[in-house]
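As stored in coords.cif (mmCIF, C-alpha atoms and all ligand atoms):
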data_entry
loop_
_atom_site.label_atom_id
_atom_site.label_comp_id
_atom_site.auth_asym_id
_atom_site.auth_seq_id
_atom_site.Cartn_x
_atom_site.Cartn_y
_atom_site.Cartn_z
CA MET A 6 1.87 0.13 11.03
CA TYR A 7 0.02 1.74 8.13
CA ALA A 8 -2.58 -0.63 9.47
CA GLN A 9 -1.82 -0.51 13.17
CA LEU A 10 -4.84 -1.84 15.00
CA VAL A 11 -6.65 -4.08 12.60
CA LYS A 12 -9.32 -6.09 14.29
CA SER A 13 -9.04 -9.70 13.21
CA GLU A 14 -11.45 -12.52 13.71
CA GLY A 15 -11.05 -15.00 16.56
CA MET A 16 -8.52 -17.74 16.00
CA LYS A 17 -9.99 -21.20 15.50
CA SER A 18 -8.15 -24.35 16.45
CA ALA A 19 -7.44 -26.92 13.73
CA ALA A 20 -10.23 -29.16 15.04
CA GLU A 21 -12.83 -26.39 14.75
CA LEU A 22 -12.14 -25.75 11.08
CA SER A 23 -14.70 -26.82 8.51
CA PRO A 24 -13.39 -28.90 5.56
CA GLU A 25 -13.42 -25.76 3.38
CA GLU A 26 -11.58 -23.74 5.99
CA ARG A 27 -9.02 -26.49 6.42
CA ALA A 28 -8.40 -26.71 2.67
CA PHE A 29 -8.04 -22.92 2.59
CA GLN A 30 -5.52 -22.92 5.44
CA GLU A 31 -3.54 -25.67 3.69
CA ARG A 32 -3.34 -23.58 0.53
CA ILE A 33 -1.95 -20.70 2.58
CA ASP A 34 0.50 -22.97 4.37
CA ARG A 35 1.73 -24.22 0.98
CA GLY A 36 2.43 -20.61 0.02
CA GLU A 37 -0.30 -20.41 -2.62
CA LYS A 38 -1.78 -17.01 -3.33
CA ILE A 39 -5.49 -16.50 -2.82
CA GLU A 40 -7.12 -14.68 -5.74
CA PRO A 41 -10.35 -12.64 -6.00
CA LYS A 42 -13.56 -14.66 -6.38
CA GLU A 43 -11.95 -17.78 -4.91
CA TRP A 44 -13.54 -19.21 -1.80
CA MET A 45 -12.27 -17.61 1.40
CA PRO A 46 -13.51 -17.54 5.01
CA GLU A 47 -15.63 -14.50 5.72
CA GLY A 48 -13.24 -13.49 8.51
CA TYR A 49 -10.28 -13.49 6.10
CA ARG A 50 -12.17 -11.26 3.69
CA LYS A 51 -13.31 -8.85 6.41
CA THR A 52 -9.91 -8.60 8.07
CA LEU A 53 -8.27 -7.93 4.72
CA ILE A 54 -10.78 -5.22 3.83
CA ARG A 55 -10.05 -3.52 7.14
CA GLN A 56 -6.28 -3.85 6.75
CA VAL A 57 -5.96 -2.93 3.07
CA GLY A 58 -8.51 -0.14 3.48
CA GLN A 59 -6.66 1.30 6.45
CA HIS A 60 -3.41 1.05 4.52
CA ALA A 61 -4.97 2.88 1.55
CA HIS A 62 -6.37 5.62 3.78
CA SER A 63 -2.92 6.07 5.34
CA GLU A 64 -1.34 6.67 1.94
CA ILE A 65 -3.95 9.26 1.06
CA VAL A 66 -4.02 11.11 4.39
CA GLY A 67 -0.22 10.81 4.44
CA GLN A 68 -0.05 13.25 1.56
CA LEU A 69 -1.25 16.08 3.80
CA PRO A 70 1.71 16.65 6.16
CA GLU A 71 4.13 16.66 3.22
CA GLY A 72 1.80 18.58 0.92
CA ASN A 73 2.05 21.32 3.52
CA TRP A 74 5.63 22.01 2.33
CA ILE A 75 5.25 21.80 -1.44
CA THR A 76 4.73 25.54 -1.77
CA ARG A 77 7.48 26.25 0.77
CA ALA A 78 10.25 23.93 -0.41
CA PRO A 79 13.60 25.78 -0.32
CA THR A 80 14.52 25.18 -3.98
CA LEU A 81 12.72 24.41 -7.21
CA GLU A 82 14.43 21.02 -7.34
CA ARG A 83 13.29 20.12 -3.81
CA LYS A 84 9.80 21.21 -4.75
CA ALA A 85 9.72 19.01 -7.85
CA ILE A 86 11.04 16.04 -5.85
CA LEU A 87 8.48 16.51 -3.08
CA LEU A 88 5.69 16.87 -5.61
CA ALA A 89 6.71 13.57 -7.24
CA LYS A 90 6.93 11.88 -3.83
CA VAL A 91 3.50 13.07 -2.76
CA GLN A 92 2.05 12.03 -6.12
CA ASP A 93 3.50 8.55 -5.58
CA GLU A 94 1.60 8.34 -2.28
CA ALA A 95 -1.64 9.10 -4.13
CA GLY A 96 -0.72 6.25 -6.48
CA HIS A 97 -0.08 3.93 -3.52
CA GLY A 98 -3.49 4.75 -2.12
CA LEU A 99 -5.07 3.94 -5.48
CA TYR A 100 -3.25 0.60 -5.87
CA LEU A 101 -4.52 -0.36 -2.44
CA TYR A 102 -8.11 0.75 -2.96
CA CYS A 103 -8.02 -1.26 -6.17
CA ALA A 104 -6.84 -4.33 -4.21
CA ALA A 105 -9.54 -3.81 -1.57
CA GLU A 106 -12.22 -3.51 -4.26
CA THR A 107 -11.48 -7.06 -5.43
CA LEU A 108 -12.85 -8.19 -2.05
CA GLY A 109 -16.32 -6.87 -2.78
CA VAL A 110 -16.26 -3.38 -1.28
CA SER A 111 -16.27 -0.17 -3.34
CA ARG A 112 -13.82 2.68 -3.00
CA ASP A 113 -16.62 5.10 -2.21
CA GLN A 114 -17.79 2.84 0.62
CA LEU A 115 -14.28 2.79 2.06
CA LEU A 116 -13.99 6.57 1.74
CA ALA A 117 -17.35 7.04 3.45
CA LYS A 118 -16.01 5.02 6.39
CA LEU A 119 -12.84 7.08 6.52
CA HIS A 120 -14.88 10.28 6.48
CA ASP A 121 -17.29 9.21 9.23
CA GLY A 122 -14.38 8.05 11.41
CA SER A 123 -15.30 4.37 11.49
CA MET A 124 -12.11 3.45 9.60
CA LYS A 125 -8.70 4.67 10.73
CA TYR A 126 -5.43 5.65 9.13
CA SER A 127 -1.93 5.54 10.61
CA SER A 128 -1.43 7.60 13.77
CA ILE A 129 1.78 9.10 12.36
CA PHE A 130 -0.07 11.47 10.03
CA ASN A 131 -1.71 13.25 12.95
CA TYR A 132 1.55 14.97 13.83
CA PRO A 133 2.39 18.37 12.33
CA THR A 134 5.29 19.15 9.98
CA LEU A 135 6.65 22.32 11.52
CA ASN A 136 9.97 22.97 9.80
CA TRP A 137 11.62 21.95 6.54
CA ALA A 138 13.73 19.31 8.30
CA ASP A 139 10.46 17.58 9.19
CA ILE A 140 10.10 16.71 5.52
CA GLY A 141 13.51 15.07 5.73
CA ALA A 142 12.53 13.23 8.91
CA VAL A 143 9.25 12.05 7.39
CA GLY A 144 10.97 10.56 4.34
CA TRP A 145 13.78 9.02 6.38
CA LEU A 146 11.78 7.70 9.35
CA VAL A 147 8.14 7.44 8.28
CA ASP A 148 8.79 6.03 4.83
CA GLY A 149 11.62 4.00 6.38
CA ALA A 150 9.19 2.41 8.83
CA ALA A 151 6.62 1.97 6.08
CA ILE A 152 9.18 0.11 3.94
CA MET A 153 10.00 -2.19 6.84
CA ASN A 154 6.34 -3.14 7.01
CA GLN A 155 5.70 -3.30 3.29
CA VAL A 156 8.70 -5.42 2.34
CA GLN A 157 7.41 -8.35 4.43
CA LEU A 158 3.85 -7.80 3.15
CA GLN A 159 5.02 -8.55 -0.40
CA LYS A 160 4.72 -12.17 0.76
CA THR A 161 1.16 -11.77 2.01
CA SER A 162 -1.30 -14.48 0.98
CA TYR A 163 -3.81 -12.34 -0.90
CA GLY A 164 -2.65 -11.93 -4.51
CA PRO A 165 -3.86 -8.39 -5.27
CA TYR A 166 -2.52 -7.08 -1.95
CA SER A 167 0.83 -8.77 -2.48
CA ARG A 168 1.14 -7.34 -6.00
CA ALA A 169 0.26 -3.84 -4.77
CA MET A 170 2.99 -4.18 -2.13
CA ILE A 171 5.58 -5.26 -4.69
CA ARG A 172 4.81 -2.23 -6.80
CA ILE A 173 4.82 0.11 -3.81
CA CYS A 174 8.13 -1.23 -2.50
CA LYS A 175 9.78 -0.47 -5.84
CA GLU A 176 8.78 3.16 -5.44
CA GLU A 177 9.45 3.62 -1.73
CA SER A 178 13.20 3.60 -1.64
CA PHE A 179 13.24 6.90 -3.54
CA HIS A 180 11.04 8.30 -0.75
CA GLN A 181 13.36 7.30 2.03
CA ARG A 182 16.48 8.39 0.19
CA GLN A 183 15.12 11.83 -0.65
CA GLY A 184 14.28 12.25 3.04
CA TYR A 185 17.74 11.19 4.17
CA ASP A 186 19.24 13.48 1.55
CA ILE A 187 17.40 16.43 3.11
CA MET A 188 18.60 15.33 6.57
CA MET A 189 22.22 15.17 5.35
CA LYS A 190 22.00 18.69 3.92
CA MET A 191 20.50 20.03 7.13
CA ALA A 192 22.77 18.11 9.51
CA GLN A 193 25.88 19.23 7.61
CA GLY A 194 24.62 22.81 7.26
CA THR A 195 24.73 25.74 9.67
CA ALA A 196 24.28 25.30 13.41
CA GLU A 197 20.67 26.44 13.04
CA GLN A 198 20.01 23.94 10.27
CA LYS A 199 21.52 21.15 12.33
CA ALA A 200 19.35 22.17 15.29
CA MET A 201 16.28 21.98 13.06
CA ALA A 202 17.28 18.48 11.96
CA GLN A 203 17.74 17.41 15.59
CA ASP A 204 14.41 18.97 16.53
CA ALA A 205 12.67 17.04 13.73
CA LEU A 206 14.25 13.77 14.86
CA ASP A 207 13.26 14.49 18.47
CA ARG A 208 9.63 14.96 17.52
CA PHE A 209 9.30 12.13 14.99
CA TRP A 210 11.26 9.35 16.72
CA TYR A 211 8.58 8.00 19.06
CA PRO A 212 5.64 8.55 16.68
CA ALA A 213 7.66 6.57 14.09
CA LEU A 214 8.12 3.72 16.59
CA MET A 215 4.36 3.76 17.20
CA MET A 216 3.77 3.09 13.51
CA PHE A 217 4.38 -0.63 14.11
CA GLY A 218 1.45 -0.80 16.49
CA PRO A 219 1.23 -1.91 20.12
CA SER A 220 3.69 -4.31 21.67
CA ASP A 221 3.13 -8.00 20.82
CA LYS A 222 1.99 -8.76 24.35
CA ASP A 223 -0.88 -6.26 23.91
CA SER A 224 -1.60 -7.03 20.29
CA VAL A 225 -4.68 -9.22 20.45
CA HIS A 226 -5.33 -9.62 16.76
CA SER A 227 -2.02 -10.94 15.53
CA ALA A 228 -2.34 -14.73 15.79
CA GLN A 229 -5.14 -15.24 13.27
CA SER A 230 -3.70 -12.67 10.88
CA MET A 231 -0.34 -14.40 10.99
CA ALA A 232 -1.91 -17.82 10.39
CA TRP A 233 -3.62 -16.35 7.33
CA LYS A 234 -0.38 -14.63 6.25
CA ILE A 235 -2.12 -11.29 6.22
CA LYS A 236 0.62 -10.32 8.60
CA ILE A 237 4.07 -11.85 8.34
CA ASN A 238 6.17 -10.39 11.16
CA THR A 239 5.06 -9.26 14.60
CA ASN A 240 4.95 -5.59 15.60
CA ASP A 241 7.91 -5.92 17.96
CA GLU A 242 10.06 -7.77 15.41
CA LEU A 243 9.57 -5.00 12.88
CA ARG A 244 10.13 -2.26 15.45
CA GLN A 245 13.41 -3.87 16.52
CA LYS A 246 14.57 -4.13 12.92
CA PHE A 247 13.69 -0.52 12.34
CA VAL A 248 15.65 0.69 15.36
CA ASP A 249 18.68 -1.42 14.43
CA GLN A 250 18.64 -0.03 10.93
CA THR A 251 18.08 3.60 11.92
CA VAL A 252 20.56 4.13 14.77
CA PRO A 253 23.69 3.97 12.55
CA GLN A 254 22.00 6.30 10.05
CA ALA A 255 21.41 8.85 12.83
CA GLU A 256 25.03 8.46 13.93
CA TYR A 257 26.22 9.21 10.42
CA LEU A 258 24.19 12.41 10.50
CA GLY A 259 25.71 13.32 13.86
CA LEU A 260 22.22 13.47 15.38
CA LYS A 261 21.17 12.02 18.69
CA ILE A 262 18.23 9.62 19.06
CA PRO A 263 16.13 11.07 21.90
CA ASP A 264 16.31 7.97 24.09
CA PRO A 265 18.61 7.80 27.14
CA ASN A 266 18.07 4.02 27.31
CA LEU A 267 19.25 3.33 23.80
CA LYS A 268 22.11 0.84 24.07
CA TRP A 269 23.64 -1.89 21.94
CA ASN A 270 22.86 -5.32 23.33
CA GLU A 271 25.58 -7.72 22.21
CA GLU A 272 23.61 -10.77 23.30
CA LYS A 273 20.59 -10.14 21.11
CA LYS A 274 22.70 -8.37 18.47
CA GLY A 275 20.32 -5.45 18.50
CA TYR A 276 19.62 -2.25 20.38
CA ASP A 277 17.71 -1.96 23.62
CA PHE A 278 15.42 1.05 23.48
CA SER A 279 12.53 2.75 25.27
CA GLU A 280 8.98 1.97 24.31
CA PRO A 281 6.95 4.90 23.06
CA ASP A 282 4.24 6.30 25.31
CA TRP A 283 1.38 3.97 24.46
CA SER A 284 -1.23 6.14 26.16
CA GLU A 285 -0.34 8.87 23.66
CA PHE A 286 -0.72 6.35 20.84
CA PHE A 287 -4.22 5.32 21.95
CA GLU A 288 -5.20 8.98 22.35
CA VAL A 289 -4.07 9.76 18.79
CA ILE A 290 -5.91 6.72 17.43
CA ALA A 291 -9.03 7.81 19.32
CA GLY A 292 -8.94 11.13 17.46
CA ASN A 293 -7.15 13.31 19.98
CA GLY A 294 -3.75 13.78 18.35
CA PRO A 295 -2.40 17.22 17.46
CA CYS A 296 -3.76 17.22 13.88
CA ASN A 297 -6.59 14.64 13.71
CA LYS A 298 -9.33 17.21 13.12
CA GLU A 299 -7.33 19.12 10.55
CA ARG A 300 -6.37 15.98 8.58
CA LEU A 301 -9.81 14.41 8.47
CA GLY A 302 -11.37 17.83 7.89
CA ALA A 303 -9.14 18.35 4.85
CA ARG A 304 -10.14 14.97 3.39
CA VAL A 305 -13.85 15.52 3.95
CA LYS A 306 -13.67 19.03 2.48
CA ALA A 307 -11.81 17.79 -0.61
CA TRP A 308 -14.44 15.08 -1.08
CA GLU A 309 -17.39 17.42 -0.68
CA ASP A 310 -15.90 20.26 -2.71
CA GLY A 311 -15.16 17.79 -5.51
CA ALA A 312 -18.69 16.37 -5.70
CA TRP A 313 -19.93 18.76 -8.42
CA PHE A 314 -16.86 17.97 -10.49
CA ARG A 315 -17.24 14.18 -10.21
CA ASP A 316 -20.94 14.48 -11.04
CA GLY A 317 -20.25 16.82 -13.95
CA LEU A 318 -17.75 14.47 -15.59
CA LEU A 319 -20.12 11.55 -15.18
CA ALA A 320 -23.02 13.51 -16.67
CA HIS A 321 -20.80 14.46 -19.61
CA ALA A 322 -19.75 10.81 -20.09
CA GLU A 323 -23.38 9.65 -20.05
CA LYS A 324 -24.42 12.30 -22.59
CA ALA A 325 -21.54 11.44 -24.90
CA GLU A 326 -22.45 7.75 -24.65
CA ALA A 327 -26.10 8.52 -25.50
CA ARG A 328 -24.96 10.55 -28.52
CA ARG A 329 -22.76 7.68 -29.72
CA ALA A 330 -25.64 5.23 -29.32
CA ALA A 331 -27.97 7.52 -31.29
CA ALA A 332 -25.38 7.86 -34.07
CA ARG A 333 -25.06 4.06 -34.25
CA VAL A 334 -28.82 3.69 -34.61
CA ALA A 335 -28.94 6.40 -37.30
CA ALA A 336 -26.20 4.66 -39.27
CA GLU A 337 -28.07 1.38 -39.36
CA MET B 11 -24.58 11.42 -2.58
CA SER B 12 -23.12 11.34 -6.06
CA SER B 13 -22.83 8.08 -7.93
CA GLU B 14 -19.49 6.32 -8.27
CA TRP B 15 -17.42 6.45 -11.43
CA PRO B 16 -17.24 3.07 -13.15
CA LEU B 17 -14.30 0.75 -12.57
CA TRP B 18 -11.85 0.11 -15.42
CA GLU B 19 -9.23 -2.62 -15.73
CA VAL B 20 -5.89 -1.37 -16.99
CA PHE B 21 -3.52 -3.25 -19.32
CA ILE B 22 -0.07 -1.94 -20.16
CA ARG B 23 2.43 -2.88 -22.82
CA GLY B 24 5.70 -2.46 -20.97
CA GLN B 25 7.99 -2.52 -23.97
CA HIS B 26 7.71 -2.85 -27.70
CA GLY B 27 7.34 -6.50 -28.62
CA LEU B 28 5.61 -7.56 -25.39
CA ASN B 29 1.94 -8.29 -24.73
CA HIS B 30 -0.24 -5.93 -22.76
CA ARG B 31 -0.43 -7.09 -19.15
CA HIS B 32 -3.06 -6.47 -16.52
CA VAL B 33 -1.68 -4.05 -13.91
CA GLY B 34 -4.73 -3.10 -11.85
CA SER B 35 -7.86 -1.04 -11.98
CA LEU B 36 -9.06 2.50 -11.46
CA HIS B 37 -12.18 4.62 -11.50
CA ALA B 38 -12.91 7.09 -14.30
CA PRO B 39 -16.05 8.62 -15.81
CA ASP B 40 -15.20 7.52 -19.36
CA ALA B 41 -12.61 5.67 -21.43
CA GLU B 42 -10.68 8.77 -22.39
CA LEU B 43 -10.15 9.81 -18.77
CA ALA B 44 -9.47 6.21 -17.79
CA ILE B 45 -6.47 6.29 -20.16
CA LYS B 46 -5.27 9.60 -18.73
CA ASN B 47 -5.67 8.37 -15.16
CA ALA B 48 -3.94 5.11 -16.02
CA ARG B 49 -1.00 7.12 -17.35
CA ASP B 50 -0.69 8.89 -13.98
CA VAL B 51 -1.39 5.90 -11.76
CA TYR B 52 0.49 3.12 -13.54
CA THR B 53 3.24 4.68 -15.69
CA ARG B 54 4.89 7.35 -13.55
CA ARG B 55 8.27 5.73 -14.17
CA ASN B 56 8.06 5.01 -17.86
CA GLU B 57 6.52 1.59 -17.35
CA GLY B 58 4.62 1.60 -20.59
CA VAL B 59 4.46 2.32 -24.30
CA SER B 60 0.74 1.58 -24.70
CA ILE B 61 -2.35 1.41 -22.49
CA TRP B 62 -5.63 -0.49 -22.86
CA VAL B 63 -8.59 0.12 -20.59
CA VAL B 64 -11.76 -1.92 -20.43
CA LYS B 65 -14.76 -1.57 -18.17
CA SER B 66 -14.56 -4.20 -15.42
CA VAL B 67 -18.21 -5.16 -15.95
CA ASP B 68 -17.39 -6.10 -19.55
CA ILE B 69 -14.90 -8.79 -18.55
CA THR B 70 -16.10 -12.37 -18.47
CA ALA B 71 -13.93 -14.58 -16.29
CA SER B 72 -13.74 -18.32 -15.86
CA SER B 73 -15.07 -19.36 -12.49
CA PRO B 74 -12.54 -20.50 -9.88
CA SER B 75 -14.72 -23.49 -8.98
CA ASP B 76 -14.48 -24.71 -12.60
CA LYS B 77 -10.70 -24.78 -12.42
CA GLY B 78 -10.61 -28.57 -12.25
CA PRO B 79 -12.91 -29.50 -15.16
CA LEU B 80 -11.73 -26.54 -17.25
CA PHE B 81 -8.02 -27.25 -17.20
CA GLU B 82 -7.93 -30.95 -16.43
CA PRO B 83 -8.07 -32.11 -20.08
CA SER B 84 -4.60 -30.75 -20.80
CA ASN B 85 -3.05 -32.64 -17.88
CA SER B 86 -3.14 -36.01 -19.60
CA LYS B 87 -1.64 -34.80 -22.88
CA VAL B 88 2.00 -35.00 -21.92
CA TYR B 89 2.91 -35.72 -25.58
CA ARG B 90 2.33 -32.02 -26.25
CA HIS B 91 5.67 -31.37 -24.61
CA PRO B 92 8.75 -32.05 -26.72
CA THR B 93 10.49 -33.84 -23.83
CA PHE B 94 7.94 -36.68 -24.21
CA PHE B 95 9.89 -37.94 -27.24
CA GLN B 96 13.30 -39.58 -27.00
CA ILE B 97 15.42 -38.65 -30.00
CA PRO B 98 18.73 -40.57 -30.32
CA GLU B 99 21.78 -38.46 -29.76
CA GLU B 100 23.17 -39.27 -33.25
CA VAL B 101 20.26 -37.38 -34.79
CA GLY B 102 21.54 -34.17 -33.27
CA HIS B 103 19.60 -31.18 -32.07
CA MET B 104 15.89 -31.16 -32.87
FE FE C 401 3.47 5.05 0.17
FE FE C 402 6.30 6.65 0.64
FE FE C 403 3.94 6.53 2.72
#

Starting from the file, give its structure as structure tokens.
Amino acid sequence: MYAQLVKSEGMKSAAELSPEERAFQERIDRGEKIEPKEWMPEGYRKTLIRQVGQHAHSEIVGQLPEGNWITRAPTLERKAILLAKVQDEAGHGLYLYCAAETLGVSRDQLLAKLHDGSMKYSSIFNYPTLNWADIGAVGWLVDGAAIMNQVQLQKTSYGPYSRAMIRICKEESFHQRQGYDIMMKMAQGTAEQKAMAQDALDRFWYPALMMFGPSDKDSVHSAQSMAWKIKINTNDELRQKFVDQTVPQAEYLGLKIPDPNLKWNEEKKGYDFSEPDWSEFFEVIAGNGPCNKERLGARVKAWEDGAWFRDGLLAHAEKAEARRAAARVAAE
Amino acid sequence: MSSEWPLWEVFIRGQHGLNHRHVGSLHAPDAELAIKNARDVYTRRNEGVSIWVVKSVDITASSPSDKGPLFEPSNSKVYRHPTFFQIPEEVGHM
């Protein structure tokens, strides 16, 4: 999902657990939250840093495809809404970096790993936003898929991560609704507008399905993460839920999901659907998607171009502090 | 490589009459900007009427491993709770 391929540590059997590890697992099984500074297995801490960090990076990089349309939004109202939405995503990134920092890593360290490519962000943000309906599709499908993932993560075992998720979930439904609102306008507009909406759905459908990560049978890291309640539902469970929720919404819009195999399955009370092209997914993750270079390039440039500014403010703060200290001494 | 801005813990009073509550942390070069950043990060939907920020390094916290000895003494003092005492019904509400 926002953290699609998080490497977890090997799963230990109950007999292999040390007394500390067993007590830790029992706390998790009882539904207790783990808080910063409390004892935790090194693997739990490392897996969480990877997952929360990747989630944070996704929020930040995720601003880029939508930011592309802020100056081109069709009305002033749409522009203000999009600006607020993109600003929320910056906030989400910050809540998550703040949660990751309680695990003993600094935000700058995480950013350095994003910039050198050793940490990833969600594959979805490596696709371009080509027409205005794409902004609708992103809100509707991408935020929709993100919500599906984040709602279950509110119950995650690590306190700061869980609290960040609760806060984020409160803000997300505005994101999805504003996207669907754009889709409704476009789908009920002129023939050209409707064609743009269909085109956006056609391009974003499979990348949105990929957001949940590889199929459970190929997802090697899930078992330990689920035992630790770092992950609550499996990739395929969430993907199924997402499809079941989205199909009727597409029908309401009068748009067609680009999948000839999509069919209601009465037995499982859900839709059958085609898997996305997983080779494309692994290519995008490996850095070869349509916009990987542009996205990462934009982040690195922003970081480097901002260095003088960050340094300047810190120098100013240090000088002001020195002046205050001198004044205190003089007053004594 | 520039050095990292210090980390600040953010406390927000959600409504008049309530205590400030810890909501998270953020980085800022000084207290003044920490307040401004906290406004943007933690109160985009009117979640607050007042903000406190304090440098994370200035917080002293009880240690999780002391949880037992630190809080145990209050466990045995059940008489601190009003339900410990049986008051006859005739006496009425107390
Ligand atoms: Fe978000
Ligand atoms: Fe969002
Ligand atoms: Fe998002």

Chain A residues near chain B (10 Å cut-off, only C-alpha atoms) as a ChimeraX atom specification: /A:40-44,89,92-93,95-104,106-107,111-114,165,168-169,172,176,309,312-313,315-323,325-326

Spatial neighbours of range 282-289 of chain A, 7 Å, all atoms listed in the file, chain gap at least 3 places, as a list in words: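 Near neighbours after the sequence-gap exclusion: Ser128, Met215, Gly292, Asn293 and Gly294 of chain A.
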
Selection as a list in words: residues within 6 Å of ligand FE 402 (chain C) by all atoms listed in the file: Glu94, Asp148, Glu177 and His180 of chain A

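Interatomic distance, CA of Cys174 in chain A to CA of Gln159 in chain A: 8.2 Å.
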
Could you please extract the residues within 9 Å of ligand FE 403 (chain C), counting all atoms listed in the file, and hand them back as a CSV table (one decimal) with C-alpha atoms, in the frame of the given file?
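Once written, pocket-v2.csv looks like this:
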chain,number,residue,atom,x,y,z
A,7,TYR,CA,0.0,1.7,8.1
A,63,SER,CA,-2.9,6.1,5.3
A,64,GLU,CA,-1.3,6.7,1.9
A,65,ILE,CA,-4.0,9.3,1.1
A,67,GLY,CA,-0.2,10.8,4.4
A,68,GLN,CA,0.0,13.2,1.6
A,90,LYS,CA,6.9,11.9,-3.8
A,91,VAL,CA,3.5,13.1,-2.8
A,93,ASP,CA,3.5,8.6,-5.6
A,94,GLU,CA,1.6,8.3,-2.3
A,97,HIS,CA,-0.1,3.9,-3.5
A,143,VAL,CA,9.2,12.0,7.4
A,144,GLY,CA,11.0,10.6,4.3
A,147,VAL,CA,8.1,7.4,8.3
A,148,ASP,CA,8.8,6.0,4.8
A,149,GLY,CA,11.6,4.0,6.4
A,151,ALA,CA,6.6,2.0,6.1
A,152,ILE,CA,9.2,0.1,3.9
A,177,GLU,CA,9.4,3.6,-1.7
A,180,HIS,CA,11.0,8.3,-0.8
